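Working notes for the structure below.
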Amino acid sequence: DLSEAVRYYRLAAKQGHAWGQRNLGLCYQAGLGVPQDAAEAIKWLQKAADQGFVPAQLSLVLTYEHGRGVPKNQQEAIKWLRKAAESGDANAQVWLGAEYVIGRDLPRDWAESAKWLRRAAEAGHAAGQAGYGRYLLSGHGVVKNPIEAIQWFRKAAAQGNADAEYLLGVCLAEGLGTNRDFVEARQWLQLAAQHNCPEAKYRLRLLFFQKHSI
């Protein structure tokens, strides 16, 4: 019963519980159990976010980025994204790192992007590990270090990250940061292909000719 859920959320919200405030805000935003009300939605999401509740901060990111009941405001979206990243949320750190590369709402800054991806990587986030490893492989925003890149690719690949599986396969095929190993390269590329990485399927075909040309 949505109306009963809203009553419960409102009680918790008025007692200062951030999760209740966030859920109540989302109900007002979507019109679930209450009439849709953008002002009430923002009020309760803001209260929860001001307490440092990361899910509420990320809800505000999406609210301002997509203009959910409010005018789009990318600066406000980035402000809350940064707060979530600074709170240690690895998803937010990867997201913020990507924003610094896209250069849409922030000036393009590879070093700043690498900083946030590294934080996510160190927290065990697979996409952060794959992304930071990619920077180490290319030298974008960091000192180029293929050997360390391989280490991060292995960590992410062990979690089933398709990008890391593909990049690890490429490094093994090319001997980048590691000894060339066509057998292991094929294993990782096959896994990446199974995880719907189109580049891996193409690279597997090249690997056959590369292996037999040496």
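Starting from 1 in every chain, residues are counted up; chains themselves are A, B, ... following the order of the structure tokens, and ligands are numbered from 1 as listed.
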
Each residue of stretch 102-131 of chain A with at least one atom at most 9 Å from stretch 141-165 of chain A should appear once, together with its nearest atom pair and the corresponding distance in Å (one decimal); atoms considered: only C-alpha atoms; ordering: chain, then increasing residue number; output as a Markdown table.
```
| residue | atom | partner | partner_atom | distance |
| --- | --- | --- | --- | --- |
| A:Asp109 | CA | A:Gly141 | CA | 7.7 |
| A:Trp110 | CA | A:Gly141 | CA | 4.4 |
| A:Ala111 | CA | A:Gly141 | CA | 3.8 |
| A:Glu112 | CA | A:Gly141 | CA | 7.3 |
| A:Ser113 | CA | A:Gly141 | CA | 7.4 |
| A:Ala114 | CA | A:Gly141 | CA | 5.8 |
| A:Lys115 | CA | A:Gly141 | CA | 8.3 |
| A:Ala121 | CA | A:Trp152 | CA | 7.8 |
| A:Gly124 | CA | A:Ala156 | CA | 8.2 |
| A:His125 | CA | A:Ala156 | CA | 7.7 |
| A:Ala126 | CA | A:Ala156 | CA | 4.5 |
| A:Ala127 | CA | A:Asn161 | CA | 6.9 |
| A:Gly128 | CA | A:Ala156 | CA | 8.2 |
| A:Gln129 | CA | A:Trp152 | CA | 5.3 |
| A:Ala130 | CA | A:Ala164 | CA | 5.1 |
| A:Gly131 | CA | A:Ala164 | CA | 8.3 |
```

Original post:
Excluding same-chain residues fewer than 3 positions from A:Gln194, what lies within 12 Å of it counting only C-alpha atoms, as number ranges by chain?
Top reply: A: 160-163, 165-166, 187-191, 197-201, 204

**OP:** Run DSSP on the backbone of this structure and report the residues of stretch 93-133 of chain A it assigns to alpha helix (DSSP H), as a ChimeraX atom specification.
**Re:** /A:93-102,110-122,126-133

**OP:** Write out as a ChimeraX atom specification the residues lying within 12 Å of A:Gly67, counting only C-alpha atoms and excluding same-chain residues fewer than 5 positions away.
**Re:** /A:29,38,42,59-62,72-74,76-77

**OP:** Pick out the residues sitting within 12 Å of A:Arg22, and hand them over as a PyMOL selection string; count only C-alpha atoms, and ignore anything fewer than 3 positions along from it in its own chain.
**Re:** chain A and resi 6+9-10+12-14+16-19+25-29+40-60
